[in-house]
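Pasted below: final.cif, mmCIF, C-alpha atoms and all ligand atoms.
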```cif
data_entry
loop_
_atom_site.label_atom_id
_atom_site.label_comp_id
_atom_site.auth_asym_id
_atom_site.auth_seq_id
_atom_site.Cartn_x
_atom_site.Cartn_y
_atom_site.Cartn_z
CA MET C 1 -9.23 9.27 8.75
CA TYR C 2 -6.53 10.41 6.36
CA VAL C 3 -3.44 10.31 8.55
CA VAL C 4 -0.05 11.53 7.34
CA ILE C 5 3.33 11.13 8.96
CA GLU C 6 5.68 13.99 8.19
CA GLY C 7 9.25 14.85 9.03
CA VAL C 8 12.60 15.21 7.30
CA ASP C 9 14.64 12.16 6.35
CA THR C 10 15.62 10.03 9.36
CA ALA C 11 12.92 11.58 11.60
CA GLY C 12 11.46 8.12 12.21
CA LYS C 13 8.46 8.06 9.84
CA SER C 14 9.00 4.51 8.54
CA THR C 15 9.60 3.23 12.06
CA GLN C 16 6.25 4.58 13.30
CA ILE C 17 4.41 3.52 10.14
CA ASN C 18 5.59 -0.05 10.64
CA ILE C 19 4.14 0.06 14.16
CA LEU C 20 0.83 1.46 12.81
CA LYS C 21 0.72 -1.37 10.23
CA GLU C 22 0.67 -3.88 13.09
CA LYS C 23 -2.03 -1.94 14.97
CA PHE C 24 -4.27 -1.15 11.99
CA PRO C 25 -3.95 -4.04 9.55
CA GLN C 26 -7.13 -2.95 7.69
CA ALA C 27 -5.86 0.55 6.99
CA VAL C 28 -4.51 1.56 3.59
CA PHE C 29 -0.80 2.37 3.77
CA THR C 30 0.71 4.57 1.11
CA LYS C 31 3.50 7.04 0.45
CA GLU C 32 4.48 10.17 -1.45
CA PRO C 33 6.24 10.35 -3.75
CA GLY C 34 5.87 7.01 -5.49
CA GLY C 35 2.51 5.71 -4.21
CA THR C 36 1.26 4.85 -7.73
CA ALA C 37 2.70 3.24 -10.88
CA LEU C 38 3.22 6.63 -12.53
CA GLY C 39 4.41 8.03 -9.22
CA LEU C 40 7.21 5.45 -9.00
CA LYS C 41 8.63 6.70 -12.29
CA LEU C 42 8.22 10.32 -11.21
CA ARG C 43 9.84 9.56 -7.85
CA THR C 44 12.91 8.07 -9.53
CA MET C 45 13.26 11.16 -11.70
CA ALA C 46 12.56 13.63 -8.90
CA LEU C 47 14.75 12.09 -6.19
CA GLY C 48 17.53 11.16 -8.62
CA GLY C 49 18.11 14.84 -9.31
CA GLU C 50 17.46 14.38 -13.06
CA ALA C 51 15.74 17.73 -13.51
CA LYS C 52 18.03 20.66 -14.30
CA SER C 53 15.13 23.06 -13.87
CA ASN C 54 13.79 23.76 -10.37
CA VAL C 55 10.38 24.32 -11.91
CA ALA C 56 10.51 20.94 -13.67
CA GLU C 57 11.48 19.23 -10.42
CA MET C 58 8.61 20.94 -8.60
CA PHE C 59 6.12 19.82 -11.26
CA LEU C 60 7.34 16.20 -11.05
CA PHE C 61 6.34 16.16 -7.39
CA LEU C 62 3.01 17.88 -8.15
CA ALA C 63 2.27 15.31 -10.87
CA ASP C 64 3.02 12.50 -8.42
CA ARG C 65 0.67 14.07 -5.87
CA ALA C 66 -2.19 14.59 -8.33
CA GLU C 67 -2.00 10.94 -9.44
CA HIS C 68 -1.79 9.74 -5.83
CA ILE C 69 -4.91 11.65 -4.83
CA VAL C 70 -6.94 10.18 -7.71
CA GLU C 71 -5.57 6.63 -7.53
CA VAL C 72 -5.13 6.08 -3.78
CA ILE C 73 -6.74 8.75 -1.57
CA LYS C 74 -10.12 9.34 -3.28
CA PRO C 75 -11.00 5.61 -3.67
CA ASN C 76 -10.18 4.97 0.01
CA ILE C 77 -11.42 8.18 1.59
CA ASN C 78 -13.98 6.30 3.72
CA ASN C 79 -11.32 3.95 5.11
CA THR C 80 -8.36 4.77 7.30
CA ILE C 81 -5.44 5.90 5.16
CA VAL C 82 -1.91 6.30 6.53
CA SER C 83 0.58 8.05 4.27
CA ASP C 84 4.35 8.36 4.57
CA ARG C 85 4.65 12.07 3.62
CA SER C 86 2.04 14.21 1.87
CA VAL C 87 1.20 17.62 0.49
CA ILE C 88 3.01 19.08 3.51
CA SER C 89 6.39 17.74 2.39
CA GLY C 90 5.45 18.81 -1.12
CA ILE C 91 5.06 22.40 -0.05
CA ALA C 92 7.91 22.42 2.46
CA TYR C 93 10.59 20.92 0.18
CA ALA C 94 9.91 23.36 -2.65
CA THR C 95 12.20 25.92 -1.02
CA LYS C 96 12.93 27.69 -4.32
CA PHE C 97 9.34 28.93 -4.35
CA PRO C 98 7.32 31.10 -1.95
CA LEU C 99 5.22 29.07 0.48
CA ASP C 100 1.98 30.80 -0.55
CA GLU C 101 2.51 29.98 -4.23
CA MET C 102 3.22 26.36 -3.36
CA ILE C 103 0.06 26.20 -1.27
CA GLU C 104 -2.02 27.36 -4.25
CA LEU C 105 -0.39 24.91 -6.67
CA ASN C 106 -0.84 22.07 -4.20
CA LYS C 107 -4.51 22.86 -3.77
CA ILE C 108 -4.83 22.23 -7.51
CA ALA C 109 -2.75 19.03 -7.35
CA THR C 110 -4.81 17.62 -4.48
CA SER C 111 -8.25 18.88 -5.59
CA ASN C 112 -8.17 20.42 -2.11
CA ILE C 113 -8.32 17.01 -0.40
CA MET C 114 -6.31 17.50 2.76
CA PRO C 115 -5.24 15.11 5.54
CA SER C 116 -7.51 14.91 8.59
CA HIS C 117 -4.59 14.12 10.95
CA VAL C 118 -1.00 15.35 10.49
CA ILE C 119 1.85 14.02 12.62
CA ILE C 120 5.11 15.95 12.34
CA LEU C 121 8.20 14.28 13.78
CA GLU C 122 10.61 17.09 14.65
CA LEU C 123 14.36 16.50 15.06
CA SER C 124 16.82 18.73 16.92
CA LYS C 125 19.89 19.77 14.95
CA GLU C 126 22.11 17.46 17.03
CA GLU C 127 19.87 14.43 16.54
CA LEU C 128 19.52 15.15 12.81
CA ILE C 129 23.31 15.25 12.37
CA SER C 130 23.70 12.04 14.33
CA ARG C 131 21.02 10.17 12.33
CA LEU C 132 22.17 11.38 8.90
CA SER C 133 25.73 10.33 9.65
CA GLN C 134 24.43 6.78 10.03
CA LYS C 135 22.88 6.42 6.58
CA GLU C 136 23.69 6.70 2.89
CA ASN C 137 22.20 9.96 1.63
CA ASP C 138 20.22 10.76 -1.52
CA SER C 139 20.57 14.00 -3.48
CA ILE C 140 18.15 15.99 -1.32
CA GLU C 141 19.82 14.98 1.94
CA LEU C 142 23.20 15.97 0.54
CA ARG C 143 21.99 19.58 0.40
CA GLY C 144 22.79 19.79 4.09
CA ILE C 145 21.66 20.08 7.67
CA ASP C 146 20.52 23.72 7.57
CA TYR C 147 18.53 22.94 4.43
CA LEU C 148 16.66 20.17 6.27
CA LEU C 149 16.08 22.32 9.36
CA ASN C 150 14.58 24.99 7.10
CA ILE C 151 12.31 22.32 5.58
CA GLN C 152 11.21 21.32 9.06
CA ASN C 153 10.23 24.92 9.82
CA ARG C 154 8.37 25.18 6.53
CA MET C 155 6.43 22.01 7.43
CA LYS C 156 5.26 23.62 10.66
CA GLU C 157 4.39 26.86 8.88
CA THR C 158 2.46 24.91 6.22
CA VAL C 159 0.20 23.02 8.65
CA LYS C 160 -0.60 26.32 10.35
CA LYS C 161 -1.34 28.14 7.09
CA LEU C 162 -3.53 25.27 5.87
CA ASN C 163 -5.16 25.16 9.30
CA LEU C 164 -4.70 21.37 9.50
CA ASN C 165 -5.37 19.24 12.56
CA HIS C 166 -1.83 18.35 13.64
CA VAL C 167 0.57 17.33 16.36
CA ILE C 168 4.30 18.07 16.53
CA ILE C 169 6.25 15.31 18.29
CA ASP C 170 9.88 15.44 19.40
CA ALA C 171 11.49 12.83 17.15
CA GLY C 172 14.30 12.43 19.68
CA LEU C 173 12.00 10.66 22.12
CA SER C 174 12.10 6.88 22.30
CA ILE C 175 10.25 4.89 19.65
CA LYS C 176 7.77 3.76 22.31
CA GLU C 177 7.12 7.30 23.61
CA ILE C 178 6.44 8.52 20.10
CA GLU C 179 4.13 5.57 19.47
CA THR C 180 2.10 6.53 22.56
CA LYS C 181 1.85 10.19 21.51
CA ILE C 182 0.62 9.16 18.06
CA GLU C 183 -1.93 6.83 19.61
CA ASP C 184 -3.22 9.62 21.88
CA PHE C 185 -3.53 11.99 18.93
CA LEU C 186 -5.47 9.47 16.82
CA LYS C 187 -7.88 8.52 19.60
P1 LIG X 201 12.41 8.10 8.11
O1 LIG X 201 11.46 7.08 7.55
O2 LIG X 201 11.70 9.30 8.65
O3 LIG X 201 13.50 8.49 7.16
P2 LIG X 201 13.29 5.92 9.78
O4 LIG X 201 12.09 5.40 10.47
O5 LIG X 201 13.81 5.16 8.62
O6 LIG X 201 13.11 7.46 9.38
O7 LIG X 201 14.42 6.07 10.91
C1 LIG X 201 15.73 6.54 10.59
C2 LIG X 201 16.73 5.90 11.54
O8 LIG X 201 16.49 6.34 12.87
C3 LIG X 201 16.62 4.39 11.58
O9 LIG X 201 17.91 3.86 11.74
C4 LIG X 201 15.76 4.13 12.80
O10 LIG X 201 16.03 2.87 13.37
C5 LIG X 201 16.16 5.25 13.73
N1 LIG X 201 15.07 5.69 14.61
C6 LIG X 201 13.76 5.82 14.30
N2 LIG X 201 13.05 6.29 15.34
C7 LIG X 201 13.93 6.49 16.35
C8 LIG X 201 13.82 6.97 17.70
N3 LIG X 201 12.65 7.37 18.22
N4 LIG X 201 14.94 7.02 18.44
C9 LIG X 201 16.13 6.64 17.92
N5 LIG X 201 16.32 6.18 16.67
C10 LIG X 201 15.23 6.09 15.88
MG MG X 202 11.21 6.34 5.61
#
```
Reformat the file's structure so that it appears as structure tokens.
Ligand code: ADP
Ligand code: MG
Amino acid sequence: MYVVIEGVDTAGKSTQINILKEKFPQAVFTKEPGGTALGLKLRTMALGGEAKSNVAEMFLFLADRAEHIVEVIKPNINNTIVSDRSVISGIAYATKFPLDEMIELNKIATSNIMPSHVIILELSKEELISRLSQKENDSIELRGIDYLLNIQNRMKETVKKLNLNHVIIDAGLSIKEIETKIEDFLK
């Protein structure tokens, strides 16, 4: 199983991944961006807003993803892998580019290795505003609420276009309720 947890910032990905770590101690836990040594450098550049060019920023994320696939996913493909974000965020966050173009570029970056199970944690506008107001924001989050809601829609569109096995869970449910829905999906 190659499981990925998706959702915009504050959707509850880390919270659920920490629960999965307890349940599946033998699984390989990873993240994008920054799941490899090179990826950590790329992540700092990409999330720090260093790139002036949108194309350069997009390629930083693609480079991170390509390295992650080779270094983490391929060697562990016969184990259970759980990743905090994935190609789906990669495609969804690249809002400056058409979705179909991003899908093609990401097929190259991933050698077409796609997650077997996608969990999308979906926040309502009200809950997103409430959660963001409680944390210090990075440069992407500062782009605003409507920006993040658009990303969320692009995530849903992406899993459909890629025809991926997925579940969309209301991120406003309790931590326990979400845990149960994830467990049911992975069974
Ligand atoms: P992400 O990793 O997606 O950015 P986190 O897991 O860090 O999200 O959660 C963001 C914030 O929301 C944290 O303060 C966390 O405690 C809280 N949180 C997570 N899941 C829930 C939930 N189901 N209900 C209410 N608050 C939650
Ligand atoms: Mg997190």
Which residues come within 9 Å of Arg154 of chain C, counting all atoms listed in the file, excluding same-chain residues fewer than 6 positions away, as number ranges by chain? C: 88-89, 91-93, 95, 99
Would you mind listing what lies within 10 Å of segment 117-121 of chain C as a VMD selection string, with all atoms listed in the file counted and same-chain residues fewer than 2 positions away left out? chain C and resid 1 to 8 10 to 13 16 82 to 83 85 to 86 88 114 to 115 123 152 155 to 156 159 164 to 173 178 181 to 182 185 to 186
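Between atom CA of Gly34 of chain C and atom CA of Ser133 of chain C the interatomic distance comes to 25.2 Å.
Minimum atom-to-atom distance to Glu32 of chain C, evaluated using all atoms listed in the file, belongs to C:Leu62 out of C:Ala56, C:Leu62, C:Leu148, C:Leu20.
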Closest of C:Asn112, C:Asn106, C:Thr30, C:Asn163 to Asn76 of chain C, counting all atoms listed in the file, is C:Thr30
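Proximity of C:Ala94, C:Val70, C:Ala109, C:Ile129 to ligand LIG 201 (chain X), computed with all atoms listed in the file, is greatest for C:Ile129.
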What's the 12 Å shell around Lys74 of chain C, counting all atoms listed in the file, without same-chain residues fewer than 4 positions away, as a ChimeraX atom specification? /C:2,28,66-70,78-81,110-115
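Atom CA of Lys135 of chain C is positioned 23.4 Å from atom CA of Leu42 of chain C.
Straight-line separation from atom O5 of ligand LIG 201 (chain X) to atom CA of Thr15 of chain C: 5.8 Å.
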To test the calculation: enclose all listed atoms of segment 91-103 of chain C in a box whose edges run along x, y and z, add 4 Å on each side, then state centre and edge lengths in Å to one decimal, as AutoDock Vina command-line options.
```
--center_x 6.5 --center_y 26.0 --center_z -0.9 --size_x 20.9 --size_y 18.2 --size_z 14.8
```
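Closest to Glu183 of chain C among C:Leu38, C:Asp9, C:Ser130, C:Ile19 is C:Ile19, based on only C-alpha atoms.
Candidate residues C:Asn150, C:Ser124, C:Asn54, C:Ser116 were compared for distance to Leu162 of chain C, and the nearest is C:Ser116, using all atoms listed in the file.
For the residues C:Lys161, C:Arg131, C:Lys125, C:Lys21, ranking by smallest atom-to-atom distance to ligand LIG 201 (chain X) using only C-alpha atoms and all ligand atoms places C:Arg131 first.
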